[in-house]
Amino acid sequence: MSKRLLKNARLATFLDNGQPYGLIEDGALVIDGDTIAWCGAASMLSADHATLPAEDLEGRLVTPGLIDCHTHVVFGGDRAREFEMRLEGASYEEVARAGGGIVSTVKATRSASEDELLASALPRVDALIAEGVTTIEIKSGYGLDIDTELRMLRTARKIGEMRPVLVKTSFLGAHAIPADYKDRSGDYISEVCLPALEAAHAEGLVDAVDGFCEGIAFSPEEIARVFDKAKELGLPVKLHAEQLSNLGGAALAASYGALSADHIEYLDEAGVKAMAQSGTIAVLLPGAFYTLRETQHPPLDLLRQHKVPIALATDCNPGSSPLASLLLTMNMGCTLFRMTPEEALAGVTREAARALGLSDRGTLQPGTRADLAIWNVTHPAELSYRIGFNSLHKRIFGGSE
Ligand code: DI6
Ligand code: FE
């Protein structure tokens with residue numbers, strides 16, 4: 001593929017250049033194949049680059065392609081009835097204990113074929129792509145048996161083949177305790193979760209291993225067994241931690257060098273320090289906070305104080321976050337959690353890449369993937385400020401439109 005130049009661009013590089021957003025006002029960017037070959041101030045453009053075939057962006061904002069680093073977009077059925085129940089007064093935990101919640105999605109997912117899972121997931125993925133998303137993480141966790149966990153992960157891989165988006169998979173066998181293992185969660189880990197992880201890994205379906213550490217799910221000891229297996233297989237880990245209570249999940253994850261600890265509304269300072277020490281990224285999920293009408297805020301000031309990088313994601317799932325908009329997620333991050341618009345945009349680019357262990361994207365600099373989102377906005381804060389408005393001009397994925 002030949003080289004080309006994007007000129008008259010405002011670049012939100014997310015590099016440390018002393019400007020908010022790493023902004024370069026009158027910028028230019030050179031794409032060579034699927035890679036950014038050069039980017040910087042137009043005045044610094046070399047004579048070679050200045051004569052390349054060029055596209056005039058007329059002052060539009062260019063950001064790294066957006067990254068949704070925590071989703072459950074593959075699942076069967078929906079949970080609209082549960083939404084009604086919760087509006088009638090039942091809590092998320094009560095619904096789960098009554099056999100609704102995650103377990104009801106498990107039933108629907110088990111009875112769905114790979115084609116059916118794909119057909120229901122693609123519109124959600126397409127909604128994300130339409131807002132400039134170029135990388136998406138997808139979890140298993142609604143199968144809770146070996147076959148269905150593998151089918152979910154195969155579906156996730158297929159999405160990456162069918163759409164111009166990079167898919168990173170996470171094995172989430174330790175998501176919920178299926179009905180037939182009620183009060184035998186340890187047996188579930190031994191008999192289903194660990195064998196499923198081994199089988200999925202053998203098929204090349206697993207990029208990372210996740211778990212749900214919570215009173216209604218798995219204890220820290222059980223999660224540790226899953227993480228030990230991940231370590232044995234050479235796979236990175238991450239964790240749904242401190243969403244509804246504080247079980248010390250984030251510190252446990254940090255002790256395994258986890259990529260991220262996600263949700264973390266109930267995280268305390270000891271947990272924040274443990275994350276800082278291990279370089280574990282905080283992934284905040286305001287869609288779940290909003291949907292469950294939570295009141296406990298994640299400890300934003302402590303995260304800032306201890307310099308724990310903060311990513312933001314949709315948590316797109318049928319129960320606690322039926323949200324397929326990363327732009328709305330950014331708005332919620334600001335309005336509900338008091339993140340700054342700069343933190344929100346960094347949270348879906350640079351920090352989301354780090355949360356997935358990816359160093360080849362999330363910023364604009366030579367050598368990173370040419371995954372770009374070009375916006376009809378003049379100031380980057382507009383992306384977080386608007387509600388229900390998509391200002392994407394176009395998306396470039398691996399150098400292609
Ligand atoms: N926490 C969540 O927010 C999702 N999974 C999890 O462990 C919710 C999944 C669901 O309710 O279906
Ligand atoms: Fe989740």
# chains A, B, ... in the order shown; residues from 1 in each chain; ligands from 1
$ residues_around --residues "A:Leu302" --least-positions-apart "3" --cutoff "8 Å" --atoms "only C-alpha atoms" --output "compact mmCIF listing (two decimals) with N, CA and C atoms, in the first residue's frame"
# COMPACT_ATOMS: atom_id res chain seq x y z
N GLU A 269 -8.05 2.19 49.71
CA GLU A 269 -6.73 2.72 49.38
C GLU A 269 -5.67 1.61 49.28
N VAL A 272 -5.92 0.29 45.88
CA VAL A 272 -5.37 1.25 44.91
C VAL A 272 -3.85 1.17 44.91
N PRO A 299 -13.10 5.17 43.52
CA PRO A 299 -12.25 6.13 44.24
C PRO A 299 -11.32 6.91 43.29
N GLN A 305 -4.27 10.13 42.76
CA GLN A 305 -3.19 10.38 43.72
C GLN A 305 -2.08 9.34 43.60
N HIS A 306 -2.46 8.09 43.39
CA HIS A 306 -1.45 7.02 43.30
C HIS A 306 -1.06 6.72 41.86
$ closest_atom_pairs --of "chain A" --to "ligand 1" --cutoff "10 Å" --atoms "only C-alpha atoms and all ligand atoms" --output "CSV"
residue,atom,partner,partner_atom_place_in_ligand_line,distance
A:His70,CA,ligand 1,4 (C),9.8
A:Thr71,CA,ligand 1,4 (C),8.7
A:His72,CA,ligand 1,4 (C),7.6
A:Phe75,CA,ligand 1,12 (O),8.9
A:Asp78,CA,ligand 1,12 (O),9.2
A:Arg79,CA,ligand 1,12 (O),8.3
A:Glu82,CA,ligand 1,11 (O),9.8
A:Tyr92,CA,ligand 1,11 (O),8.0
A:Glu93,CA,ligand 1,11 (O),9.6
A:Val95,CA,ligand 1,11 (O),9.7
A:Ala96,CA,ligand 1,11 (O),8.2
A:Gly100,CA,ligand 1,11 (O),9.1
A:Gly101,CA,ligand 1,11 (O),5.4
A:Ile102,CA,ligand 1,12 (O),4.1
A:Val103,CA,ligand 1,12 (O),7.8
A:Ser104,CA,ligand 1,12 (O),8.4
A:Thr105,CA,ligand 1,12 (O),6.5
A:Val106,CA,ligand 1,12 (O),8.6
A:Lys139,CA,ligand 1,5 (N),9.7
A:Gly141,CA,ligand 1,5 (N),8.3
A:Tyr142,CA,ligand 1,12 (O),7.8
A:Leu172,CA,ligand 1,7 (O),8.8
A:Ala174,CA,ligand 1,7 (O),8.9
A:His175,CA,ligand 1,7 (O),5.7
A:Ala176,CA,ligand 1,7 (O),7.6
A:Asp210,CA,ligand 1,7 (O),9.3
A:Gly211,CA,ligand 1,7 (O),7.3
A:Phe212,CA,ligand 1,7 (O),4.8
A:Cys213,CA,ligand 1,7 (O),7.8
A:Glu214,CA,ligand 1,7 (O),8.2
A:Ile216,CA,ligand 1,7 (O),9.4
A:Ala217,CA,ligand 1,7 (O),7.9
A:Phe218,CA,ligand 1,7 (O),9.9
A:Leu239,CA,ligand 1,7 (O),8.8
A:His240,CA,ligand 1,7 (O),5.7
A:Ala241,CA,ligand 1,7 (O),8.4
A:Glu242,CA,ligand 1,1 (N),9.9
A:Gln243,CA,ligand 1,1 (N),7.2
A:Leu244,CA,ligand 1,1 (N),9.1
A:Asp262,CA,ligand 1,1 (N),8.8
A:His263,CA,ligand 1,3 (O),7.6
A:Leu285,CA,ligand 1,3 (O),8.0
A:Pro286,CA,ligand 1,3 (O),9.9
A:Gly287,CA,ligand 1,3 (O),8.7
A:Ala288,CA,ligand 1,3 (O),5.7
A:Phe289,CA,ligand 1,3 (O),8.6
A:Thr291,CA,ligand 1,3 (O),9.6
A:Leu292,CA,ligand 1,3 (O),9.2
A:Thr314,CA,ligand 1,3 (O),9.7
A:Asp315,CA,ligand 1,3 (O),6.4
A:Cys316,CA,ligand 1,4 (C),8.3
A:Asn317,CA,ligand 1,12 (O),5.6
A:Pro318,CA,ligand 1,12 (O),5.3
A:Gly319,CA,ligand 1,11 (O),3.6
A:Ser320,CA,ligand 1,11 (O),4.6
A:Ser321,CA,ligand 1,3 (O),6.6
A:Pro322,CA,ligand 1,12 (O),9.1
$ atom_distance --atom1 "atom CA of A:Gly132" --atom2 "atom CA of A:Pro298"
26.5 Å
$ atom_distance --atom1 "atom CA of A:Gly22" --atom2 "atom CA of A:Leu356"
21.3 Å
$ closest_atom_pairs --of "stretch 28-55 of chain A" --to "stretch 382-401 of chain A" --cutoff "10 Å" --atoms "only C-alpha atoms" --output "JSON lines"
{"residue": "A:Val30", "atom": "CA", "partner": "A:Gly399", "partner_atom": "CA", "distance": 9.9}
{"residue": "A:Ile31", "atom": "CA", "partner": "A:Gly399", "partner_atom": "CA", "distance": 6.4}
{"residue": "A:Asp32", "atom": "CA", "partner": "A:Gly399", "partner_atom": "CA", "distance": 7.4}
{"residue": "A:Gly33", "atom": "CA", "partner": "A:Gly399", "partner_atom": "CA", "distance": 5.8}
{"residue": "A:Asp34", "atom": "CA", "partner": "A:Gly398", "partner_atom": "CA", "distance": 4.2}
{"residue": "A:Thr35", "atom": "CA", "partner": "A:Gly399", "partner_atom": "CA", "distance": 6.5}
{"residue": "A:Ile36", "atom": "CA", "partner": "A:Gly399", "partner_atom": "CA", "distance": 8.1}
$ closest_residue --among "A:Arg154, A:His297, A:Arg361, A:Arg124" --to "A:Gly333" --atoms "only C-alpha atoms"
A:His297
$ residues_around --residues "stretch 110-122 of chain A" --least-positions-apart "5" --cutoff "10 Å" --atoms "only C-alpha atoms" --output "NGL selection string"
:A and (72-77 or 105 or 127-128 or 142-145 or 147-156 or 158-159 or 162-163)
$ select_by_dssp --residues "stretch 244-390 of chain A" --states "strand (DSSP E)" --output "list of chain:residue names"
A:Ser260, A:Ala261, A:Asp262, A:His263, A:Ile281, A:Ala282, A:Val283, A:Leu284, A:Ile310, A:Ala311, A:Leu312, A:Leu372, A:Ala373, A:Ile374, A:Trp375
$ residues_around --residues "A:Leu259" --least-positions-apart "3" --cutoff "7 Å" --atoms "only C-alpha atoms" --output "PyMOL selection string"
chain A and resi 236-238+280-281+355-357
$ write_last_selection --atoms "N, CA and C atoms" --output "short mmCIF file (atom, residue, chain, number, x, y, z; two decimals), in the first residue's frame"
data_model
loop_
_atom_site.label_atom_id
_atom_site.label_comp_id
_atom_site.auth_asym_id
_atom_site.auth_seq_id
_atom_site.Cartn_x
_atom_site.Cartn_y
_atom_site.Cartn_z
N PRO A 236 -2.22 -13.59 30.44
CA PRO A 236 -2.43 -12.48 31.38
C PRO A 236 -3.82 -12.55 32.01
N VAL A 237 -3.96 -11.94 33.18
CA VAL A 237 -5.25 -11.96 33.87
C VAL A 237 -5.79 -10.55 34.10
N LYS A 238 -7.07 -10.49 34.41
CA LYS A 238 -7.79 -9.25 34.75
C LYS A 238 -8.96 -9.68 35.61
N THR A 280 -1.32 -2.24 37.37
CA THR A 280 -2.64 -2.71 36.95
C THR A 280 -3.53 -1.51 36.64
N ILE A 281 -4.16 -1.52 35.47
CA ILE A 281 -4.99 -0.39 35.04
C ILE A 281 -6.37 -0.49 35.69
N ALA A 355 -4.77 -1.37 29.11
CA ALA A 355 -5.59 -2.36 29.83
C ALA A 355 -5.66 -3.68 29.06
N LEU A 356 -5.42 -3.62 27.75
CA LEU A 356 -5.41 -4.85 26.95
C LEU A 356 -3.99 -5.33 26.69
N GLY A 357 -3.01 -4.65 27.26
CA GLY A 357 -1.61 -5.05 27.07
C GLY A 357 -1.11 -4.77 25.66
#
$ select_by_dssp --residues "stretch 177-312 of chain A" --states "helix (DSSP H, G or I)" --output "JSON, numbers by chain"
{"A": [179, 180, 181, 185, 186, 187, 188, 189, 190, 191, 192, 193, 194, 195, 196, 197, 198, 199, 200, 201, 202, 220, 221, 222, 223, 224, 225, 226, 227, 228, 229, 230, 231, 232, 233, 249, 250, 251, 252, 253, 254, 255, 269, 270, 271, 272, 273, 274, 275, 276, 277, 278, 286, 287, 288, 289, 290, 291, 300, 301, 302, 303, 304, 305]}
$ residues_around --residues "A:Ile189" --least-positions-apart "2" --cutoff "8 Å" --atoms "only C-alpha atoms" --output "ChimeraX atom specification"
/A:174,185-187,191-194,222,225-226
$ atom_distance --atom1 "atom CA of A:Lys3" --atom2 "atom CA of A:Ala28"
13.2 Å
$ closest_residue --among "A:Asp268, A:Leu327, A:Lys168, A:Ile310" --to "A:Gly249" --atoms "only C-alpha atoms"
A:Asp268
$ residues_around --residues "A:Ala254" --least-positions-apart "3" --cutoff "8 Å" --atoms "only C-alpha atoms" --output "PDB file with C-alpha atoms, in the first residue's frame"
ATOM      1  CA  ALA A 250      -8.171  -5.879  42.978  1.00  0.00           C
ATOM      2  CA  ALA A 251      -5.253  -6.576  45.330  1.00  0.00           C
ATOM      3  CA  GLY A 257       0.384  -8.691  37.774  1.00  0.00           C
ATOM      4  CA  ALA A 258      -3.096  -8.267  36.288  1.00  0.00           C
ATOM      5  CA  ALA A 261      -9.103  -4.467  37.697  1.00  0.00           C
ATOM      6  CA  ALA A 274      -1.532  -2.609  45.198  1.00  0.00           C
ATOM      7  CA  MET A 275      -2.696  -1.701  41.689  1.00  0.00           C
ATOM      8  CA  GLN A 277       2.609  -1.114  42.446  1.00  0.00           C
ATOM      9  CA  SER A 278       1.802  -3.802  39.882  1.00  0.00           C
ATOM     10  CA  GLY A 279       0.935  -1.401  37.055  1.00  0.00           C
ATOM     11  CA  THR A 280      -2.645  -2.710  36.951  1.00  0.00           C
TER      12      THR A 280
END
$ closest_residue --among "A:Ala54, A:Leu45, A:Ala313, A:Ala270" --to "ligand 2" --atoms "only C-alpha atoms and all ligand atoms"
A:Ala313
